[in-house]
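File shown: final-v4.txt. Contents: compact mmCIF, N, CA and C atoms.
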# COMPACT_ATOMS: atom_id res chain seq x y z
N MET A 189 -15.96 21.68 -36.83
CA MET A 189 -17.01 20.68 -36.85
C MET A 189 -17.29 20.30 -38.30
N ASP A 190 -17.64 19.07 -38.48
CA ASP A 190 -18.04 18.66 -39.82
C ASP A 190 -19.53 18.94 -40.00
N ALA A 191 -20.08 18.53 -41.12
CA ALA A 191 -21.48 18.84 -41.42
C ALA A 191 -22.46 18.16 -40.48
N ARG A 192 -22.03 17.09 -39.79
CA ARG A 192 -22.88 16.39 -38.84
C ARG A 192 -22.72 16.90 -37.42
N GLY A 193 -21.81 17.84 -37.21
CA GLY A 193 -21.60 18.39 -35.88
C GLY A 193 -20.55 17.66 -35.07
N LEU A 194 -19.73 16.87 -35.71
CA LEU A 194 -18.65 16.17 -35.02
C LEU A 194 -17.37 17.00 -35.15
N PRO A 195 -16.67 17.20 -34.06
CA PRO A 195 -15.47 18.05 -34.13
C PRO A 195 -14.35 17.40 -34.94
N LEU A 196 -13.77 18.18 -35.82
CA LEU A 196 -12.62 17.71 -36.58
C LEU A 196 -11.33 18.00 -35.84
N MET A 197 -11.36 19.05 -35.02
CA MET A 197 -10.17 19.45 -34.29
C MET A 197 -10.59 20.32 -33.11
N VAL A 198 -9.82 20.24 -32.04
CA VAL A 198 -10.08 21.05 -30.85
C VAL A 198 -8.81 21.85 -30.57
N MET A 199 -8.97 23.15 -30.39
CA MET A 199 -7.84 24.01 -30.04
C MET A 199 -8.36 25.07 -29.07
N VAL A 200 -7.82 25.08 -27.86
CA VAL A 200 -8.20 26.05 -26.85
C VAL A 200 -7.13 27.14 -26.83
N THR A 201 -7.57 28.39 -26.85
CA THR A 201 -6.64 29.52 -26.87
C THR A 201 -6.93 30.44 -25.70
N PRO A 202 -5.99 31.31 -25.33
CA PRO A 202 -6.26 32.29 -24.28
C PRO A 202 -7.36 33.25 -24.69
N ALA A 203 -8.03 33.83 -23.72
CA ALA A 203 -9.14 34.73 -23.99
C ALA A 203 -8.70 36.00 -24.71
N ASP A 204 -7.45 36.40 -24.54
CA ASP A 204 -7.00 37.63 -25.18
C ASP A 204 -6.55 37.44 -26.63
N LEU A 205 -6.60 36.22 -27.14
CA LEU A 205 -6.24 35.95 -28.53
C LEU A 205 -7.52 35.92 -29.37
N HIS A 206 -7.58 36.78 -30.37
CA HIS A 206 -8.77 36.85 -31.23
C HIS A 206 -8.88 35.57 -32.06
N ASP A 207 -10.11 35.15 -32.29
CA ASP A 207 -10.35 33.91 -33.03
C ASP A 207 -9.75 33.94 -34.42
N ALA A 208 -9.78 35.09 -35.07
CA ALA A 208 -9.24 35.18 -36.43
C ALA A 208 -7.74 34.93 -36.43
N ALA A 209 -7.05 35.30 -35.36
CA ALA A 209 -5.60 35.05 -35.27
C ALA A 209 -5.32 33.56 -35.07
N ALA A 210 -6.15 32.91 -34.27
CA ALA A 210 -5.96 31.47 -34.03
C ALA A 210 -6.44 30.64 -35.21
N ALA A 211 -7.27 31.21 -36.06
CA ALA A 211 -7.83 30.46 -37.18
C ALA A 211 -6.76 29.97 -38.14
N LYS A 212 -5.70 30.73 -38.34
CA LYS A 212 -4.63 30.30 -39.25
C LYS A 212 -4.01 29.00 -38.75
N GLU A 213 -3.74 28.93 -37.46
CA GLU A 213 -3.15 27.72 -36.89
C GLU A 213 -4.12 26.54 -37.00
N VAL A 214 -5.39 26.78 -36.71
CA VAL A 214 -6.40 25.71 -36.79
C VAL A 214 -6.53 25.22 -38.23
N LEU A 215 -6.59 26.12 -39.18
CA LEU A 215 -6.74 25.72 -40.58
C LEU A 215 -5.49 24.97 -41.07
N PHE A 216 -4.32 25.41 -40.64
CA PHE A 216 -3.09 24.72 -41.01
C PHE A 216 -3.09 23.29 -40.46
N ARG A 217 -3.46 23.13 -39.20
CA ARG A 217 -3.53 21.80 -38.60
C ARG A 217 -4.59 20.94 -39.29
N LEU A 218 -5.71 21.56 -39.63
CA LEU A 218 -6.78 20.84 -40.31
C LEU A 218 -6.29 20.29 -41.65
N CYS A 219 -5.56 21.10 -42.39
CA CYS A 219 -5.04 20.64 -43.69
C CYS A 219 -4.04 19.51 -43.53
N LEU A 220 -3.26 19.54 -42.46
CA LEU A 220 -2.30 18.45 -42.22
C LEU A 220 -3.01 17.16 -41.83
N MET A 221 -4.02 17.28 -40.97
CA MET A 221 -4.70 16.09 -40.47
C MET A 221 -5.78 15.57 -41.41
N ARG A 222 -6.42 16.46 -42.11
CA ARG A 222 -7.52 16.08 -43.01
C ARG A 222 -7.34 16.78 -44.35
N PRO A 223 -6.43 16.28 -45.18
CA PRO A 223 -6.16 16.94 -46.46
C PRO A 223 -7.33 16.91 -47.43
N GLU A 224 -8.32 16.07 -47.18
CA GLU A 224 -9.49 16.01 -48.06
C GLU A 224 -10.43 17.20 -47.87
N SER A 225 -10.22 17.97 -46.81
CA SER A 225 -11.06 19.15 -46.55
C SER A 225 -10.74 20.24 -47.56
N THR A 226 -11.77 20.74 -48.22
CA THR A 226 -11.56 21.79 -49.23
C THR A 226 -12.41 23.03 -48.97
N ILE A 227 -13.53 22.88 -48.28
CA ILE A 227 -14.43 24.01 -48.01
C ILE A 227 -14.61 24.14 -46.50
N VAL A 228 -14.52 25.36 -46.02
CA VAL A 228 -14.72 25.65 -44.61
C VAL A 228 -15.80 26.71 -44.50
N TRP A 229 -16.87 26.42 -43.78
CA TRP A 229 -17.92 27.39 -43.52
C TRP A 229 -17.54 28.14 -42.24
N ALA A 230 -17.64 29.45 -42.27
CA ALA A 230 -17.19 30.23 -41.12
C ALA A 230 -18.09 31.43 -40.88
N ASP A 231 -17.95 31.99 -39.70
CA ASP A 231 -18.64 33.22 -39.33
C ASP A 231 -18.08 34.38 -40.16
N THR A 232 -18.85 35.42 -40.33
CA THR A 232 -18.39 36.57 -41.12
C THR A 232 -17.19 37.27 -40.48
N ALA A 233 -16.93 37.02 -39.20
CA ALA A 233 -15.76 37.61 -38.55
C ALA A 233 -14.47 37.09 -39.17
N TYR A 234 -14.54 35.95 -39.83
CA TYR A 234 -13.35 35.37 -40.45
C TYR A 234 -13.17 35.80 -41.90
N ALA A 235 -14.07 36.58 -42.41
CA ALA A 235 -13.96 37.04 -43.80
C ALA A 235 -12.84 38.07 -43.91
N GLY A 236 -12.36 38.25 -45.11
CA GLY A 236 -11.31 39.24 -45.33
C GLY A 236 -9.97 38.59 -45.64
N LYS A 237 -8.94 39.00 -44.91
CA LYS A 237 -7.58 38.53 -45.19
C LYS A 237 -7.43 37.03 -45.00
N LEU A 238 -8.16 36.47 -44.05
CA LEU A 238 -8.06 35.03 -43.79
C LEU A 238 -8.52 34.21 -44.99
N VAL A 239 -9.55 34.67 -45.67
CA VAL A 239 -10.07 33.97 -46.85
C VAL A 239 -8.99 33.90 -47.92
N ASP A 240 -8.33 35.03 -48.17
CA ASP A 240 -7.26 35.07 -49.18
C ASP A 240 -6.06 34.22 -48.75
N TRP A 241 -5.69 34.29 -47.46
CA TRP A 241 -4.56 33.53 -46.96
C TRP A 241 -4.81 32.03 -47.10
N ALA A 242 -6.01 31.58 -46.73
CA ALA A 242 -6.34 30.16 -46.81
C ALA A 242 -6.34 29.67 -48.26
N ARG A 243 -6.84 30.49 -49.16
CA ARG A 243 -6.87 30.10 -50.57
C ARG A 243 -5.44 30.00 -51.12
N GLN A 244 -4.61 30.96 -50.78
CA GLN A 244 -3.26 31.02 -51.32
C GLN A 244 -2.34 29.97 -50.72
N HIS A 245 -2.35 29.80 -49.40
CA HIS A 245 -1.37 28.94 -48.75
C HIS A 245 -1.86 27.51 -48.50
N LEU A 246 -3.16 27.34 -48.32
CA LEU A 246 -3.67 26.02 -47.95
C LEU A 246 -4.59 25.39 -48.98
N ASN A 247 -4.92 26.14 -50.02
CA ASN A 247 -5.85 25.69 -51.05
C ASN A 247 -7.21 25.34 -50.44
N LEU A 248 -7.65 26.16 -49.48
CA LEU A 248 -8.95 26.01 -48.82
C LEU A 248 -9.87 27.14 -49.27
N THR A 249 -11.12 26.81 -49.40
CA THR A 249 -12.13 27.83 -49.70
C THR A 249 -12.91 28.10 -48.42
N ILE A 250 -12.85 29.33 -47.94
CA ILE A 250 -13.62 29.72 -46.76
C ILE A 250 -14.86 30.44 -47.24
N LYS A 251 -16.01 29.92 -46.85
CA LYS A 251 -17.29 30.53 -47.22
C LYS A 251 -17.93 31.10 -45.96
N PRO A 252 -17.91 32.43 -45.82
CA PRO A 252 -18.54 33.03 -44.64
C PRO A 252 -20.06 32.91 -44.70
N VAL A 253 -20.66 32.58 -43.57
CA VAL A 253 -22.11 32.50 -43.46
C VAL A 253 -22.58 33.78 -42.80
N SER A 254 -23.33 34.56 -43.54
CA SER A 254 -23.77 35.85 -43.00
C SER A 254 -25.28 35.85 -42.78
N ARG A 255 -25.68 36.76 -41.97
CA ARG A 255 -27.09 36.93 -41.64
C ARG A 255 -27.80 37.57 -42.84
N PRO A 256 -29.01 37.11 -43.18
CA PRO A 256 -29.75 37.73 -44.29
C PRO A 256 -29.99 39.22 -44.02
N LYS A 257 -29.88 40.03 -45.05
CA LYS A 257 -30.00 41.48 -44.88
C LYS A 257 -31.39 41.91 -44.44
N ASP A 258 -32.43 41.20 -44.88
CA ASP A 258 -33.80 41.59 -44.56
C ASP A 258 -34.32 40.94 -43.28
N ALA A 259 -33.47 40.22 -42.55
CA ALA A 259 -33.91 39.50 -41.36
C ALA A 259 -33.95 40.42 -40.15
N SER A 260 -34.93 40.16 -39.28
CA SER A 260 -35.01 40.87 -38.01
C SER A 260 -35.27 39.85 -36.91
N GLY A 261 -34.68 40.07 -35.76
CA GLY A 261 -34.84 39.12 -34.66
C GLY A 261 -33.96 37.91 -34.84
N PHE A 262 -34.32 36.83 -34.16
CA PHE A 262 -33.53 35.61 -34.22
C PHE A 262 -33.71 34.91 -35.56
N VAL A 263 -32.60 34.52 -36.17
CA VAL A 263 -32.63 33.81 -37.44
C VAL A 263 -31.68 32.63 -37.35
N VAL A 264 -32.15 31.45 -37.72
CA VAL A 264 -31.27 30.28 -37.77
C VAL A 264 -30.45 30.39 -39.06
N LEU A 265 -29.14 30.44 -38.89
CA LEU A 265 -28.26 30.57 -40.04
C LEU A 265 -27.83 29.18 -40.52
N PRO A 266 -27.89 28.96 -41.83
CA PRO A 266 -27.49 27.66 -42.34
C PRO A 266 -26.02 27.41 -42.03
N ARG A 267 -25.69 26.18 -41.77
CA ARG A 267 -24.35 25.72 -41.43
C ARG A 267 -23.93 26.10 -40.02
N ARG A 268 -24.25 27.29 -39.56
CA ARG A 268 -23.81 27.72 -38.23
C ARG A 268 -24.59 27.04 -37.13
N TRP A 269 -25.84 26.69 -37.37
CA TRP A 269 -26.63 26.07 -36.31
C TRP A 269 -26.05 24.71 -35.92
N VAL A 270 -25.38 24.04 -36.86
CA VAL A 270 -24.78 22.75 -36.57
C VAL A 270 -23.70 22.91 -35.49
N VAL A 271 -22.88 23.93 -35.63
CA VAL A 271 -21.81 24.19 -34.66
C VAL A 271 -22.40 24.60 -33.32
N GLU A 272 -23.34 25.52 -33.35
CA GLU A 272 -23.94 26.01 -32.11
C GLU A 272 -24.64 24.88 -31.36
N ARG A 273 -25.36 24.03 -32.08
CA ARG A 273 -26.05 22.90 -31.46
C ARG A 273 -25.06 21.93 -30.84
N SER A 274 -23.99 21.62 -31.57
CA SER A 274 -23.00 20.67 -31.07
C SER A 274 -22.28 21.22 -29.84
N LEU A 275 -21.94 22.50 -29.85
CA LEU A 275 -21.30 23.11 -28.68
C LEU A 275 -22.25 23.09 -27.48
N ALA A 276 -23.52 23.32 -27.72
CA ALA A 276 -24.49 23.27 -26.62
C ALA A 276 -24.58 21.87 -26.04
N TRP A 277 -24.58 20.85 -26.89
CA TRP A 277 -24.62 19.48 -26.41
C TRP A 277 -23.38 19.15 -25.59
N MET A 278 -22.22 19.61 -26.05
CA MET A 278 -20.98 19.33 -25.31
C MET A 278 -20.95 20.07 -23.97
N MET A 279 -21.63 21.20 -23.88
CA MET A 279 -21.67 21.95 -22.63
C MET A 279 -22.52 21.24 -21.58
N HIS A 280 -23.28 20.23 -21.97
CA HIS A 280 -24.05 19.45 -20.99
C HIS A 280 -23.14 18.61 -20.09
N ALA A 281 -21.90 18.39 -20.55
CA ALA A 281 -20.94 17.70 -19.69
C ALA A 281 -20.69 18.58 -18.47
N ARG A 282 -20.87 18.03 -17.31
CA ARG A 282 -20.81 18.82 -16.08
C ARG A 282 -19.49 19.56 -15.92
N ARG A 283 -18.42 18.98 -16.38
CA ARG A 283 -17.09 19.58 -16.22
C ARG A 283 -16.96 20.88 -17.02
N HIS A 284 -17.78 21.05 -18.06
CA HIS A 284 -17.68 22.25 -18.89
C HIS A 284 -18.52 23.41 -18.36
N ALA A 285 -19.25 23.20 -17.31
CA ALA A 285 -20.10 24.26 -16.76
C ALA A 285 -19.26 25.43 -16.26
N ARG A 286 -18.07 25.14 -15.75
CA ARG A 286 -17.13 26.17 -15.30
C ARG A 286 -15.76 25.85 -15.86
N ASP A 287 -14.95 26.85 -15.98
CA ASP A 287 -13.61 26.64 -16.51
C ASP A 287 -12.65 26.47 -15.35
N TYR A 288 -12.43 25.23 -14.94
CA TYR A 288 -11.55 24.93 -13.82
C TYR A 288 -10.14 24.59 -14.28
N GLU A 289 -9.96 24.33 -15.53
CA GLU A 289 -8.68 23.82 -16.02
C GLU A 289 -7.63 24.92 -16.08
N ARG A 290 -6.43 24.59 -15.66
CA ARG A 290 -5.31 25.53 -15.70
C ARG A 290 -4.39 25.26 -16.88
N ILE A 291 -4.47 24.06 -17.41
CA ILE A 291 -3.62 23.67 -18.53
C ILE A 291 -4.48 23.51 -19.78
N VAL A 292 -4.05 24.13 -20.87
CA VAL A 292 -4.82 24.14 -22.12
C VAL A 292 -5.09 22.72 -22.61
N GLN A 293 -4.11 21.85 -22.50
CA GLN A 293 -4.28 20.48 -22.99
C GLN A 293 -5.37 19.74 -22.22
N HIS A 294 -5.58 20.07 -20.95
CA HIS A 294 -6.66 19.45 -20.19
C HIS A 294 -8.01 19.88 -20.74
N SER A 295 -8.14 21.16 -21.03
CA SER A 295 -9.40 21.65 -21.61
C SER A 295 -9.68 21.00 -22.95
N GLU A 296 -8.66 20.90 -23.79
CA GLU A 296 -8.84 20.28 -25.09
C GLU A 296 -9.23 18.81 -24.95
N ALA A 297 -8.60 18.12 -24.01
CA ALA A 297 -8.92 16.71 -23.79
C ALA A 297 -10.35 16.52 -23.30
N LEU A 298 -10.81 17.41 -22.42
CA LEU A 298 -12.17 17.29 -21.90
C LEU A 298 -13.21 17.59 -22.97
N ILE A 299 -12.92 18.54 -23.84
CA ILE A 299 -13.83 18.82 -24.96
C ILE A 299 -13.89 17.61 -25.88
N THR A 300 -12.74 17.04 -26.17
CA THR A 300 -12.69 15.84 -27.00
C THR A 300 -13.46 14.69 -26.34
N TRP A 301 -13.31 14.55 -25.05
CA TRP A 301 -14.01 13.51 -24.30
C TRP A 301 -15.53 13.70 -24.40
N ALA A 302 -15.99 14.94 -24.26
CA ALA A 302 -17.42 15.21 -24.39
C ALA A 302 -17.92 14.89 -25.80
N ALA A 303 -17.11 15.19 -26.81
CA ALA A 303 -17.50 14.89 -28.19
C ALA A 303 -17.54 13.38 -28.43
N ILE A 304 -16.59 12.65 -27.85
CA ILE A 304 -16.60 11.19 -27.97
C ILE A 304 -17.84 10.61 -27.33
N THR A 305 -18.23 11.15 -26.19
CA THR A 305 -19.45 10.70 -25.52
C THR A 305 -20.66 10.90 -26.42
N LEU A 306 -20.75 12.06 -27.07
CA LEU A 306 -21.86 12.31 -28.00
C LEU A 306 -21.84 11.33 -29.16
N MET A 307 -20.66 11.10 -29.72
CA MET A 307 -20.55 10.19 -30.87
C MET A 307 -20.94 8.77 -30.49
N THR A 308 -20.49 8.29 -29.34
CA THR A 308 -20.83 6.92 -28.95
C THR A 308 -22.32 6.78 -28.67
N ARG A 309 -22.94 7.80 -28.13
CA ARG A 309 -24.39 7.74 -27.92
C ARG A 309 -25.14 7.68 -29.24
N ARG A 310 -24.66 8.43 -30.24
CA ARG A 310 -25.29 8.37 -31.56
C ARG A 310 -25.14 6.97 -32.16
N LEU A 311 -23.94 6.42 -32.05
CA LEU A 311 -23.70 5.08 -32.60
C LEU A 311 -24.55 4.03 -31.90
N ALA A 312 -24.63 4.12 -30.60
CA ALA A 312 -25.41 3.15 -29.83
C ALA A 312 -26.89 3.26 -30.15
N ARG A 313 -27.38 4.47 -30.35
CA ARG A 313 -28.79 4.67 -30.63
C ARG A 313 -29.15 4.15 -32.02
N LYS A 314 -28.35 4.45 -33.03
CA LYS A 314 -28.69 4.04 -34.39
C LYS A 314 -28.41 2.57 -34.64
N GLY A 315 -27.38 2.03 -34.00
CA GLY A 315 -27.01 0.65 -34.25
C GLY A 315 -27.63 -0.32 -33.28
N ALA A 316 -28.42 0.17 -32.35
CA ALA A 316 -28.99 -0.70 -31.32
C ALA A 316 -30.09 -1.58 -31.93
N THR A 317 -29.98 -2.87 -31.67
CA THR A 317 -31.03 -3.79 -32.09
C THR A 317 -31.45 -4.58 -30.87
N PRO A 318 -32.71 -4.93 -30.77
CA PRO A 318 -33.16 -5.68 -29.59
C PRO A 318 -32.52 -7.06 -29.56
N SER A 319 -32.31 -7.58 -28.36
CA SER A 319 -31.67 -8.89 -28.22
C SER A 319 -32.68 -10.02 -28.40
N TRP A 320 -33.96 -9.73 -28.40
CA TRP A 320 -34.97 -10.75 -28.59
C TRP A 320 -35.53 -10.65 -30.01
N PRO A 321 -36.01 -11.75 -30.57
CA PRO A 321 -36.59 -11.68 -31.92
C PRO A 321 -37.96 -11.02 -31.86
N ARG A 322 -38.19 -10.13 -32.78
CA ARG A 322 -39.49 -9.45 -32.84
C ARG A 322 -40.45 -10.28 -33.70
N LYS A 323 -41.69 -10.33 -33.25
CA LYS A 323 -42.72 -11.02 -34.05
C LYS A 323 -43.37 -9.98 -34.94
N SER A 324 -43.59 -10.36 -36.15
CA SER A 324 -44.24 -9.43 -37.08
C SER A 324 -45.73 -9.35 -36.76
N ALA A 325 -46.35 -8.28 -37.16
CA ALA A 325 -47.77 -8.06 -36.91
C ALA A 325 -48.63 -9.03 -37.72
N SER A 326 -48.10 -9.51 -38.82
CA SER A 326 -48.89 -10.41 -39.65
C SER A 326 -48.79 -11.87 -39.21
N ALA A 327 -48.05 -12.15 -38.15
CA ALA A 327 -47.90 -13.53 -37.68
C ALA A 327 -49.13 -14.03 -36.95
N GLY A 328 -50.05 -13.15 -36.62
CA GLY A 328 -51.29 -13.55 -36.00
C GLY A 328 -51.18 -13.81 -34.50
N THR A 329 -50.32 -13.13 -33.84
CA THR A 329 -50.21 -13.35 -32.39
C THR A 329 -50.97 -12.36 -31.60
Would you kindly transcribe this structure into structure tokens?
Amino acid sequence: MDARGLPLMVMVTPADLHDAAAAKEVLFRLCLMRPESTIVWADTAYAGKLVDWARQHLNLTIKPVSRPKDASGFVVLPRRWVVERSLAWMMHARRHARDYERIVQHSEALITWAAITLMTRRLARKGATPSWPRKSASAGT
């Protein structure tokens, strides 16, 4: 996801594949598709060898977002809430309520479709202008 919560790439993997293992493939694809990307914010689960690998092979800086040491209970983590919020919005698509898809590409396409729906709603909301002329308050009507 980018800083606005729009997905840059979708990759669905089997449940038995750890996210850190799939991250190399995702980061490699990201660098091919979006070479302007230089910083990646990630969960602390991705810290360690992946950070060094990305710096060495892809010229990417991975910055893990960790929980504050003095925090107790629920804490909104900077950068991570954008991803969590966007995933929650995409889960509102009825098709994502259950995992019915048998083919990975179908799941990826449906996630992309849900993201496109969110993006078009944002565009329509911000760019919407009334079709009638508005009268100003100072016109004396």
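Of the residues under consideration (A:Leu215, A:Met278, A:Ala191, A:Ala233), A:Met278 shows the shortest atom-to-atom contact distance to Ala303 (chain A) when counting only N, CA and C atoms.
In this structure, CA of Val198 (chain A) sits 6.4 Å away from atom C of Glu296 (chain A).
Counting only C-alpha atoms and comparing A:Trp269, A:Thr232, A:Trp241, A:Met199, the residue that lies closest to Arg255 (chain A) is A:Thr232.
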Near region 200-212 of chain A, within 8 Å and counting only C-alpha atoms, which residues show up once chain neighbours fewer than 5 positions away are dropped, as a short mmCIF file (atom, residue, chain, number, x, y, z; two decimals) with N, CA and C atoms, in the coordinates of the input?
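Final file, out14.cif:
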data_model
loop_
_atom_site.label_atom_id
_atom_site.label_comp_id
_atom_site.auth_asym_id
_atom_site.auth_seq_id
_atom_site.Cartn_x
_atom_site.Cartn_y
_atom_site.Cartn_z
N ALA A 233 -16.93 37.02 -39.20
CA ALA A 233 -15.76 37.61 -38.55
C ALA A 233 -14.47 37.09 -39.17
N TYR A 234 -14.54 35.95 -39.83
CA TYR A 234 -13.35 35.37 -40.45
C TYR A 234 -13.17 35.80 -41.90
N LEU A 238 -8.16 36.47 -44.05
CA LEU A 238 -8.06 35.03 -43.79
C LEU A 238 -8.52 34.21 -44.99
N ALA A 242 -6.01 31.58 -46.73
CA ALA A 242 -6.34 30.16 -46.81
C ALA A 242 -6.34 29.67 -48.26
N VAL A 292 -4.05 24.13 -20.87
CA VAL A 292 -4.82 24.14 -22.12
C VAL A 292 -5.09 22.72 -22.61
N GLN A 293 -4.11 21.85 -22.50
CA GLN A 293 -4.28 20.48 -22.99
C GLN A 293 -5.37 19.74 -22.22
N SER A 295 -8.14 21.16 -21.03
CA SER A 295 -9.40 21.65 -21.61
C SER A 295 -9.68 21.00 -22.95
N GLU A 296 -8.66 20.90 -23.79
CA GLU A 296 -8.84 20.28 -25.09
C GLU A 296 -9.23 18.81 -24.95
#
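Separating CA of Met197 (chain A) from CA of Ile299 (chain A) is a distance of 10.0 Å.
Between CA of Glu272 (chain A) and atom N of Met189 (chain A) the interatomic distance comes to 10.2 Å.
For Leu248 (chain A), the non-local neighbours within 8 Å, defined as residues at least 4 positions apart in the same chain or in other chains and counting only N, CA and C atoms, are Ser225, Thr226, Ile227, Val228, Val239, Trp241, Ala242, Arg243 and Gln244 of chain A.
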Using backbone DSSP assignments, extract all strand (DSSP E or B) residues from chain A; output them as an MDAnalysis selection string. chainID A and resid 227:231 249:253
